[in-house]
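**Student:** Coordinates in input-v4.tsv, TSV, C-alpha atoms and all ligand atoms, are listed below.
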```
chain	number	residue	atom	x	y	z
S	1	MET	CA	0.00	0.00	0.00
S	2	VAL	CA	1.30	3.46	-0.79
S	3	ALA	CA	2.13	5.63	2.19
S	4	ARG	CA	-0.27	8.57	2.42
S	5	ARG	CA	2.63	11.04	2.38
S	6	GLN	CA	4.07	9.48	-0.75
S	7	PHE	CA	0.65	9.55	-2.39
S	8	LEU	CA	0.12	13.21	-1.49
S	9	LYS	CA	3.56	14.06	-2.82
S	10	ALA	CA	2.68	12.41	-6.12
S	11	SER	CA	-0.55	14.44	-6.22
S	12	VAL	CA	1.28	17.69	-5.62
S	13	LEU	CA	3.86	16.93	-8.27
S	14	GLY	CA	1.06	16.11	-10.64
S	15	ALA	CA	-0.71	19.37	-9.92
S	16	VAL	CA	2.49	21.35	-10.46
S	17	ALA	CA	3.11	19.65	-13.78
S	18	VAL	CA	-0.43	20.40	-14.91
S	19	ALA	CA	-0.12	24.00	-13.78
S	20	THR	CA	3.18	24.66	-15.55
S	21	GLY	CA	2.58	22.43	-18.56
S	22	LYS	CA	6.35	21.82	-18.57
S	23	ALA	CA	6.19	18.05	-18.66
S	24	ALA	CA	3.79	17.98	-21.56
S	25	ALA	CA	5.86	20.48	-23.50
S	26	THR	CA	9.20	18.73	-23.14
S	27	ALA	CA	8.55	15.01	-23.12
S	28	THR	CA	6.60	12.32	-24.89
S	29	PRO	CA	3.70	10.75	-22.97
S	30	LEU	CA	5.76	7.61	-22.41
S	31	ALA	CA	8.64	9.66	-21.03
S	32	ILE	CA	6.25	11.54	-18.77
S	33	ALA	CA	4.89	8.29	-17.40
S	34	ALA	CA	8.37	6.82	-17.02
S	35	ARG	CA	9.56	9.87	-15.11
S	36	GLY	CA	6.76	9.36	-12.63
S	37	VAL	CA	5.51	12.92	-12.78
S	38	GLY	CA	2.22	11.72	-11.35
S	39	VAL	CA	-0.18	13.59	-13.59
S	40	VAL	CA	-1.45	10.41	-15.17
S	41	ARG	CA	-3.53	8.38	-12.73
S	42	VAL	CA	-6.38	5.91	-12.43
S	43	ALA	CA	-8.43	5.10	-9.34
S	44	SER	CA	-11.02	2.36	-8.78
S	45	THR	CA	-13.35	1.14	-6.10
S	46	TRP	CA	-12.51	-1.90	-3.95
S	47	ASP	CA	-9.57	-4.24	-3.88
S	48	PHE	CA	-10.51	-5.76	-7.22
S	49	GLY	CA	-9.71	-2.27	-8.55
S	50	VAL	CA	-5.99	-3.07	-8.29
S	51	ALA	CA	-6.12	-5.53	-11.21
S	52	ALA	CA	-8.50	-3.30	-13.14
S	53	ASN	CA	-6.18	-0.33	-12.69
S	54	GLN	CA	-3.29	-2.28	-14.13
S	55	ALA	CA	-5.23	-2.94	-17.33
S	56	ALA	CA	-6.06	0.76	-17.50
S	57	TRP	CA	-2.44	1.65	-16.79
S	58	ALA	CA	-1.27	-0.42	-19.76
S	59	ILE	CA	-3.02	2.24	-21.84
S	60	LEU	CA	-2.52	5.36	-19.72
S	61	GLY	CA	1.17	4.70	-19.10
S	62	HIS	CA	1.82	4.68	-22.83
S	63	GLY	CA	0.11	7.97	-23.48
S	64	GLY	CA	-3.28	6.45	-24.28
S	65	HIS	CA	-6.66	8.01	-23.68
S	66	SER	CA	-8.57	7.86	-20.42
S	67	LEU	CA	-11.75	6.66	-22.12
S	68	ASP	CA	-9.95	3.63	-23.57
S	69	ALA	CA	-8.26	3.06	-20.22
S	70	VAL	CA	-11.43	3.00	-18.11
S	71	GLU	CA	-13.15	0.70	-20.58
S	72	ALA	CA	-10.20	-1.70	-20.55
S	73	GLY	CA	-10.02	-1.56	-16.76
S	74	ALA	CA	-13.72	-2.19	-16.23
S	75	ARG	CA	-13.58	-5.23	-18.50
S	76	VAL	CA	-11.25	-7.01	-16.05
S	77	PRO	CA	-13.78	-7.65	-13.25
S	78	GLU	CA	-16.51	-8.12	-15.87
S	79	ALA	CA	-14.62	-11.15	-17.17
S	80	ASP	CA	-13.55	-12.45	-13.76
S	81	LEU	CA	-15.81	-15.40	-12.95
S	82	LYS	CA	-14.81	-15.23	-9.29
S	83	ASN	CA	-16.18	-11.73	-9.02
S	84	HIS	CA	-19.85	-12.12	-8.12
S	85	SER	CA	-20.78	-8.47	-8.30
S	86	VAL	CA	-19.67	-7.49	-11.80
S	87	GLY	CA	-20.18	-8.98	-15.26
S	88	LYS	CA	-20.21	-12.71	-16.05
S	89	GLY	CA	-20.34	-14.76	-12.86
S	90	GLY	CA	-22.33	-12.02	-11.13
S	91	TYR	CA	-25.04	-13.24	-8.78
S	92	PRO	CA	-28.47	-13.22	-10.38
S	93	ASP	CA	-31.71	-11.56	-9.41
S	94	ARG	CA	-34.33	-13.54	-7.49
S	95	ASP	CA	-35.55	-15.10	-10.77
S	96	GLY	CA	-32.08	-16.44	-11.51
S	97	LYS	CA	-31.32	-13.89	-14.24
S	98	VAL	CA	-28.00	-12.05	-14.35
S	99	THR	CA	-28.70	-8.46	-15.36
S	100	LEU	CA	-25.92	-5.92	-15.80
S	101	ASP	CA	-25.80	-2.14	-15.43
S	102	ALA	CA	-22.96	0.02	-16.75
S	103	SER	CA	-22.08	3.57	-17.73
S	104	ILE	CA	-19.16	5.44	-19.23
S	105	MET	CA	-18.49	9.18	-19.51
S	106	ASP	CA	-15.80	11.49	-20.81
S	107	ALA	CA	-14.67	14.97	-19.83
S	108	ASP	CA	-16.83	16.68	-22.44
S	109	GLY	CA	-20.16	15.29	-21.28
S	110	HIS	CA	-20.35	12.43	-23.76
S	111	CYS	CA	-21.88	9.44	-22.03
S	112	GLY	CA	-23.54	6.09	-22.62
S	113	ALA	CA	-25.16	3.47	-20.44
S	114	VAL	CA	-27.00	0.16	-20.37
S	115	ALA	CA	-29.40	-1.06	-17.71
S	116	ALA	CA	-30.72	-4.54	-16.97
S	117	LEU	CA	-28.68	-5.97	-19.85
S	118	GLU	CA	-28.71	-9.78	-20.05
S	119	HIS	CA	-26.44	-12.26	-21.88
S	120	VAL	CA	-23.50	-9.93	-22.67
S	121	THR	CA	-20.40	-9.97	-20.45
S	122	HIS	CA	-18.91	-6.61	-21.30
S	123	ALA	CA	-21.70	-4.21	-20.45
S	124	ILE	CA	-19.18	-1.37	-20.27
S	125	SER	CA	-18.28	-1.82	-23.94
S	126	VAL	CA	-21.96	-1.87	-24.91
S	127	ALA	CA	-22.37	1.36	-22.92
S	128	ARG	CA	-19.53	2.89	-24.91
S	129	ARG	CA	-21.21	1.86	-28.17
S	130	VAL	CA	-24.43	3.51	-26.98
S	131	MET	CA	-22.40	6.67	-26.41
S	132	GLU	CA	-20.56	6.57	-29.72
S	133	ARG	CA	-23.06	5.03	-32.13
S	134	THR	CA	-26.51	6.19	-31.03
S	135	PRO	CA	-28.10	9.56	-30.27
S	136	HIS	CA	-29.16	8.14	-26.88
S	137	VAL	CA	-27.59	7.90	-23.44
S	138	LEU	CA	-29.27	4.85	-21.90
S	139	LEU	CA	-30.60	1.62	-23.40
S	140	ALA	CA	-32.39	-0.88	-21.15
S	141	GLY	CA	-33.44	-4.52	-21.06
S	142	ASP	CA	-34.32	-6.26	-24.32
S	143	GLY	CA	-33.54	-3.13	-26.32
S	144	ALA	CA	-30.03	-2.99	-24.88
S	145	LEU	CA	-29.50	-6.68	-25.72
S	146	GLN	CA	-30.85	-6.23	-29.25
S	147	PHE	CA	-28.49	-3.30	-29.78
S	148	ALA	CA	-25.53	-5.24	-28.37
S	149	LEU	CA	-26.17	-8.21	-30.66
S	150	GLU	CA	-26.55	-5.90	-33.66
S	151	GLN	CA	-23.18	-4.44	-32.72
S	152	GLY	CA	-21.61	-7.89	-32.83
S	153	PHE	CA	-21.38	-8.70	-29.13
S	154	GLU	CA	-21.56	-12.40	-28.34
S	155	GLN	CA	-24.67	-13.78	-26.61
S	156	GLU	CA	-23.65	-15.82	-23.57
S	157	ASN	CA	-25.07	-17.47	-20.50
S	158	LEU	CA	-23.81	-15.24	-17.68
S	159	LEU	CA	-25.07	-17.50	-14.90
S	160	THR	CA	-22.09	-19.63	-13.92
S	161	PRO	CA	-22.63	-22.93	-12.06
S	162	GLU	CA	-21.15	-21.32	-8.94
S	163	ALA	CA	-23.56	-18.39	-9.05
S	164	GLU	CA	-26.48	-20.70	-9.80
S	165	LYS	CA	-25.59	-22.81	-6.77
S	166	ALA	CA	-25.51	-19.70	-4.57
S	167	TRP	CA	-28.90	-18.65	-5.95
S	168	HIS	CA	-30.42	-22.05	-5.14
S	169	GLU	CA	-28.98	-21.74	-1.64
S	170	TRP	CA	-30.53	-18.29	-1.28
S	171	LEU	CA	-33.90	-19.60	-2.48
S	172	LYS	CA	-34.11	-21.83	0.60
S	173	THR	CA	-34.82	-18.75	2.72
S	174	ALA	CA	-35.27	-16.04	0.08
S	175	HIS	CA	-34.32	-13.48	2.68
S	176	TYR	CA	-33.27	-10.28	0.97
S	177	ARG	CA	-30.92	-7.81	2.62
S	178	PRO	CA	-27.92	-5.97	1.13
S	179	GLN	CA	-24.69	-6.93	2.88
S	180	ILE	CA	-22.18	-4.32	3.98
S	181	ASN	CA	-18.81	-4.61	2.22
S	182	SER	CA	-19.84	-7.84	0.52
S	183	GLU	CA	-17.21	-7.20	-2.17
S	184	VAL	CA	-14.38	-7.62	0.29
S	185	ARG	CA	-15.84	-10.85	1.54
S	186	SER	CA	-15.34	-12.30	-1.91
S	187	TYR	CA	-11.75	-11.18	-2.16
S	188	GLY	CA	-10.50	-10.59	1.35
S	189	ALA	CA	-8.51	-12.76	3.66
S	190	ASP	CA	-11.62	-14.12	5.36
S	191	ALA	CA	-12.91	-15.71	2.14
S	192	PRO	CA	-12.24	-19.45	1.91
S	193	ALA	CA	-9.32	-20.11	-0.42
S	194	GLY	CA	-10.42	-20.38	-4.02
S	195	LEU	CA	-14.05	-19.78	-3.21
S	196	PRO	CA	-16.20	-16.69	-3.30
S	197	GLY	CA	-17.18	-15.24	0.02
S	198	GLY	CA	-20.57	-14.05	1.25
S	199	LYS	CA	-23.41	-15.32	-0.86
S	200	ASP	CA	-25.28	-12.05	-0.63
S	201	ASN	CA	-22.49	-10.08	-2.14
S	202	HIS	CA	-23.16	-7.23	-4.49
S	203	ASP	CA	-21.43	-4.35	-5.89
S	204	THR	CA	-19.67	-2.31	-8.38
S	205	ILE	CA	-16.43	-1.19	-9.90
S	206	GLY	CA	-16.30	2.55	-10.42
S	207	MET	CA	-13.18	3.85	-12.15
S	208	LEU	CA	-11.84	7.35	-12.83
S	209	ALA	CA	-8.79	8.18	-14.96
S	210	LEU	CA	-6.79	11.22	-15.98
S	211	ASP	CA	-4.60	10.81	-19.05
S	212	VAL	CA	-1.46	12.55	-20.23
S	213	HIS	CA	-3.60	14.73	-22.49
S	214	GLY	CA	-5.25	16.15	-19.37
S	215	LYS	CA	-8.58	14.42	-20.11
S	216	LEU	CA	-10.69	12.72	-17.48
S	217	ALA	CA	-13.02	9.78	-18.05
S	218	GLY	CA	-15.00	7.41	-15.87
S	219	ALA	CA	-16.65	4.01	-16.00
S	220	CYS	CA	-18.96	2.09	-13.70
S	221	THR	CA	-20.19	-1.49	-14.10
S	222	THR	CA	-22.05	-3.98	-11.92
S	223	SER	CA	-24.39	-6.95	-11.80
S	224	GLY	CA	-26.17	-5.05	-9.04
S	225	MET	CA	-27.50	-6.42	-5.83
S	226	ALA	CA	-27.68	-10.17	-5.63
S	227	TRP	CA	-31.27	-11.43	-5.46
S	228	LYS	CA	-32.73	-8.06	-6.49
S	229	LEU	CA	-36.22	-7.93	-8.01
S	230	HIS	CA	-36.14	-8.68	-11.72
S	231	GLY	CA	-36.05	-5.31	-13.50
S	232	CYS	CA	-34.32	-3.51	-10.65
S	233	VAL	CA	-31.80	-0.94	-11.87
S	234	GLY	CA	-29.25	0.51	-9.48
S	235	ASP	CA	-27.21	3.68	-9.57
S	236	SER	CA	-24.41	2.45	-11.85
S	237	PRO	CA	-26.04	3.21	-15.23
S	238	ILE	CA	-27.60	6.47	-14.07
S	239	ILE	CA	-25.45	9.41	-15.11
S	240	GLY	CA	-25.15	11.70	-12.10
S	241	ALA	CA	-25.84	8.87	-9.64
S	242	GLY	CA	-23.26	6.08	-10.12
S	243	LEU	CA	-20.96	8.16	-12.33
S	244	TYR	CA	-20.37	11.75	-13.32
S	245	VAL	CA	-17.46	13.46	-15.06
S	246	ASP	CA	-16.96	17.13	-15.85
S	247	GLY	CA	-13.63	18.03	-17.42
S	248	GLU	CA	-13.67	21.49	-15.81
S	249	VAL	CA	-13.88	20.03	-12.32
S	250	GLY	CA	-13.36	16.28	-11.95
S	251	GLY	CA	-15.20	12.99	-11.76
S	252	ALA	CA	-16.95	10.87	-9.17
S	253	THR	CA	-18.33	7.37	-8.91
S	254	SER	CA	-20.11	5.35	-6.27
S	255	THR	CA	-20.49	1.90	-4.82
S	256	GLY	CA	-22.93	0.40	-2.37
S	257	VAL	CA	-26.70	0.49	-2.15
S	258	GLY	CA	-27.68	2.24	-5.36
S	259	GLU	CA	-31.09	3.42	-4.23
S	260	GLU	CA	-29.48	5.73	-1.68
S	261	VAL	CA	-27.08	7.07	-4.29
S	262	ILE	CA	-29.86	7.74	-6.82
S	263	ARG	CA	-31.94	9.50	-4.16
S	264	ASN	CA	-29.13	12.00	-3.70
S	265	ALA	CA	-27.80	12.29	-7.28
S	266	GLY	CA	-24.61	11.23	-5.53
S	267	SER	CA	-21.84	11.46	-8.10
S	268	PHE	CA	-23.20	14.71	-9.51
S	269	LEU	CA	-23.30	16.06	-5.97
S	270	VAL	CA	-19.65	15.14	-5.39
S	271	VAL	CA	-18.57	16.90	-8.60
S	272	GLU	CA	-20.61	19.99	-7.78
S	273	LEU	CA	-19.07	20.12	-4.30
S	274	MET	CA	-15.61	19.98	-5.89
S	275	ARG	CA	-16.69	22.79	-8.24
S	276	GLN	CA	-17.44	24.86	-5.12
S	277	GLY	CA	-13.88	24.31	-3.89
S	278	ARG	CA	-14.02	21.09	-1.87
S	279	THR	CA	-11.16	18.62	-2.22
S	280	PRO	CA	-12.16	15.15	-3.55
S	281	THR	CA	-12.06	13.77	-0.01
S	282	GLU	CA	-14.15	16.62	1.44
S	283	ALA	CA	-16.67	16.34	-1.39
S	284	CYS	CA	-17.08	12.58	-0.91
S	285	ARG	CA	-17.49	13.04	2.83
S	286	GLU	CA	-20.20	15.66	2.39
S	287	ALA	CA	-22.07	13.46	-0.12
S	288	VAL	CA	-21.91	10.46	2.21
S	289	LEU	CA	-23.21	12.59	5.08
S	290	ARG	CA	-26.10	13.69	2.84
S	291	VAL	CA	-27.01	10.02	2.32
S	292	VAL	CA	-26.85	9.39	6.07
S	293	ARG	CA	-28.91	12.47	6.93
S	294	LYS	CA	-31.64	11.57	4.46
S	295	GLN	CA	-32.12	8.00	5.74
S	296	PRO	CA	-30.50	7.86	9.18
S	297	LYS	CA	-32.06	4.53	10.18
S	298	THR	CA	-31.23	2.79	6.90
S	299	ALA	CA	-27.74	4.28	6.76
S	300	ASN	CA	-26.77	2.43	9.90
S	301	GLU	CA	-27.14	-0.87	8.10
S	302	ILE	CA	-25.86	-0.23	4.60
S	303	GLN	CA	-22.70	0.72	2.78
S	304	VAL	CA	-22.44	3.61	0.35
S	305	ALA	CA	-19.10	5.03	-0.72
S	306	PHE	CA	-17.94	7.68	-3.15
S	307	LEU	CA	-14.63	7.92	-4.98
S	308	ALA	CA	-13.58	11.17	-6.67
S	309	MET	CA	-10.73	12.53	-8.75
S	310	ASN	CA	-10.34	16.21	-9.55
S	311	LYS	CA	-8.99	17.57	-12.81
S	312	ASP	CA	-5.48	17.74	-11.30
S	313	GLY	CA	-5.55	14.03	-10.54
S	314	GLU	CA	-6.03	14.30	-6.78
S	315	VAL	CA	-8.06	11.38	-5.46
S	316	GLY	CA	-10.28	11.06	-2.41
S	317	ALA	CA	-13.03	8.85	-1.03
S	318	TRP	CA	-15.38	8.45	1.91
S	319	ALA	CA	-17.81	5.73	3.00
S	320	ILE	CA	-20.64	5.24	5.47
S	321	GLN	CA	-19.11	2.10	6.98
S	322	PRO	CA	-15.50	1.09	7.50
S	323	GLY	CA	-14.17	-1.54	5.14
S	324	PHE	CA	-14.30	0.31	1.83
S	325	SER	CA	-10.97	0.59	0.04
S	326	TYR	CA	-9.95	2.15	-3.26
S	327	ALA	CA	-7.11	1.36	-5.60
S	328	VAL	CA	-4.89	4.06	-7.04
S	329	CYS	CA	-2.39	3.57	-9.83
S	330	ASP	CA	0.11	6.00	-11.29
S	331	ALA	CA	3.72	6.07	-12.43
S	332	LYS	CA	4.99	5.75	-8.85
S	333	ASP	CA	2.87	2.85	-7.69
S	334	GLN	CA	0.62	0.59	-9.67
S	335	ARG	CA	-0.78	-1.40	-6.74
S	336	ALA	CA	-1.82	1.11	-4.07
S	337	LEU	CA	-4.89	0.12	-2.07
S	338	ILE	CA	-6.08	2.77	0.35
S	339	PRO	CA	-8.64	2.28	3.13
S	340	ALA	CA	-11.26	5.02	2.96
S	341	ARG	CA	-12.38	6.93	6.03
S	342	SER	CA	-15.97	6.45	7.09
S	343	VAL	CA	-18.83	8.05	9.00
S	344	PHE	CA	-19.17	5.16	11.40
S	345	ALA	CA	-16.30	3.49	13.22
S	346	THR	CA	-15.66	-0.25	13.20
S	401	LIG	N1	-24.25	0.00	-6.65
S	401	LIG	C1	-24.84	-0.99	-7.42
S	401	LIG	C2	-26.27	-1.16	-7.26
S	401	LIG	O1	-26.82	-0.71	-6.26
S	401	LIG	O2	-26.88	-1.74	-8.13
```
Please re-express this file's structure in structure tokens.

**Tutor:**
Amino acid sequence: MVARRQFLKASVLGAVAVATGKAAATATPLAIAARGVGVVRVASTWDFGVAANQAAWAILGHGGHSLDAVEAGARVPEADLKNHSVGKGGYPDRDGKVTLDASIMDADGHCGAVAALEHVTHAISVARRVMERTPHVLLAGDGALQFALEQGFEQENLLTPEAEKAWHEWLKTAHYRPQINSEVRSYGADAPAGLPGGKDNHDTIGMLALDVHGKLAGACTTSGMAWKLHGCVGDSPIIGAGLYVDGEVGGATSTGVGEEVIRNAGSFLVVELMRQGRTPTEACREAVLRVVRKQPKTANEIQVAFLAMNKDGEVGAWAIQPGFSYAVCDAKDQRALIPARSVFAT
């Protein structure tokens, strides 16, 4: 894990380079990345963000574009069959159907999203096609699938035997309740070796990147809450809720119980707070407190977290509950995993 001081130093160096423009004027993107100036950075939610960041870094570190980087990064957990909260292998809804939500956005307000998409692993890439090849922002359900197939995406069964087994287990009681930090239970030290963790796990990868061209982009993708009602759509495909990017200010993304994020237009709120002068950390904290204030009883029992990056590449996060971590990757450290601060203590 990167030391906080080292991370802050990298942020400051990055901000200086952006302010002076010296690095960009005197070096190629590859040289900039190699010198570790720190301007180029990607951040993702949860510990599975470390691997996703590395895929994004393979693009960013060679002078590539943030939009390509966040798409490549988001595809990593989407294809990971051991990840039961994103993409193929995600836990299904209570009818046994795996439905995916995803969104993608660039610094200029271009965005695309899919909601309740079935049978296609890489929802994030379908979202990008919606953005680039249609006049629309959001396609849902059968229409999203039809569009994806027309675009050449492969039709697959997303319900893996492992996820199906967990669903059958859940059906024995059919007790529905979102689990706090379920993502970590799948990947953390308390998960049985080689097996997924808590059967009620749900959640999301949200990813924000700043490239050597000074452009921000973000992506967010999830299979949503395990055992949700069929047709339920969370915050991840809702621009302004699960994801928002504004090149003049910064970007934000969220993870946790989507209903609470939608209720507060969470990611938009974080970006607007940064526009008013808050740091990414302060903005995330204020947005989390807004969620808590609106539903104080519910907030006690759920997790919601925000991750933000400003246009200078500074990163911050805050969560309701302890246990949320975010991965940060730049020229200095490609594997940093930082525990976020939270409203409630352990
Ligand atoms: N944050 C993902 C969801 O609530 O669907």

**Student:** Find the residues near ligand LIG 401 (chain S). Use a cut-off of 8 Å, count only C-alpha atoms and all ligand atoms, and write them as a PyMOL selection string.

**Tutor:** chain S and resi 101+202-204+222-225+233-236+242+254-259+261

**Student:** Env of Arg129 (chain S): 12 Å cut, atoms = all atoms listed in the file, seq-sep filter 2 positions within chain, self excluded. Answer as a PyMOL selection string.

**Tutor:** chain S and resi 71+102-105+110-114+122-127+131-139+144+147-153

**Student:** What does the distance between CA of Arg341 (chain S) and CA of Ala252 (chain S) come to in Å, to one decimal place?

**Tutor:**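 If I compute the distance from CA of Arg341 (chain S) to CA of Ala252 (chain S), I get 16.4 Å.
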
**Student:** As a VMD selection string, please: the residues near Gly206 (chain S) (cut-off 6 Å, all atoms listed in the file, same-chain neighbours under 6 positions excluded).

**Tutor:** chain S and resid 44 to 45 219 to 220 253

**Student:** Just the residues within 7 Å of Val288 (chain S), please, counting only C-alpha atoms, with nothing from its chain fewer than 6 positions along; format it as a PyMOL selection string.

**Tutor:** chain S and resi 305+318-320

**Student:** Can you work out the spacing between CA of Ala58 (chain S) and CA of Ala336 (chain S) in Å, to one decimal?

**Tutor:**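 Separating CA of Ala58 (chain S) from CA of Ala336 (chain S) is a distance of 15.8 Å.
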
**Student:** Nearest residue to Val328 (chain S) out of S:Ala283, S:Leu171, S:Leu159, S:Ala56, using all atoms listed in the file?

**Tutor:**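 Smallest separation from Val328 (chain S) among the options: S:Ala56.
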
**Student:** When you count only C-alpha atoms, which of these residues is closest to Ala265 (chain S): S:Ile239, S:Cys284, S:Cys329, S:Leu289?

**Tutor:**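 The shortest atom-to-atom distance to Ala265 (chain S) comes from S:Ile239.
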
**Student:** Rounded to one decimal in Å, what is the spacing between CA of Leu158 (chain S) and CA of Asp47 (chain S)?

**Tutor:** 22.7 Å

**Student:** List the neighbours of Gly316 (chain S) out to 7 Å using all atoms listed in the file; skip same-chain residues closer than 4 positions along the sequence, and give me the result as a PyMOL selection string.

**Tutor:** chain S and resi 280-281+307-309

**Student:** From the options S:Val39, S:Leu269, S:Ala241, S:Ala345, which residue's atoms come nearest to Gly63 (chain S), counting all atoms listed in the file?

**Tutor:**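 Checking each of S:Val39, S:Leu269, S:Ala241, S:Ala345 against Gly63 (chain S), counting all atoms listed in the file, the winner is S:Val39.
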
**Student:** Counting all atoms listed in the file, which of S:Ile205, S:Ala166, S:Ala174, S:Ala140 gets nearest to Ser85 (chain S)?

**Tutor:**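 Of S:Ile205, S:Ala166, S:Ala174, S:Ala140, the one nearest Ser85 (chain S), counting all atoms listed in the file, is S:Ile205.
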
**Student:** Of the residues S:Lys165, S:Lys228, S:Arg285, S:Arg335, which is the one nearest to Val50 (chain S), using all atoms listed in the file?

**Tutor:**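 Closest residue, counting all atoms listed in the file: S:Arg335.
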
**Student:** If the box runs along x, y and z of the file and leaves 6 Å on each side of region 280-287 of chain S, what are its centre and edge lengths in Å, one decimal, as AutoDock Vina command-line options?

**Tutor:**
```
--center_x -17.1 --center_y 14.6 --center_z -0.4 --size_x 22.0 --size_y 16.0 --size_z 18.4
```

**Student:** Please determine, counting all atoms listed in the file, which residue among S:Arg75, S:Arg290, S:His84, S:His230 has the shortest atom-to-atom distance to Lys97 (chain S).

**Tutor:** S:His230

**Student:** Identify the residues around (-33.8, -20.4, -5.0) within a radius of 12 Å, measuring from all atoms listed in the file in the coordinates stated by the file, and give them as a list in words.

**Tutor:** Tyr91, Pro92, Asp93, Arg94, Asp95, Gly96, Lys97, Ala163, Glu164, Lys165, Ala166, Trp167, His168, Glu169, Trp170, Leu171, Lys172, Thr173, Ala174, His175, Tyr176, Ala226 and Trp227 of chain S

**Student:** For a cut-off of 6 Å around (-9.4, 9.7, -9.1), file coordinates, pick out all residues using all atoms listed in the file and list them as a ChimeraX atom specification.

**Tutor:** /S:42-43,208,308-309,313,315
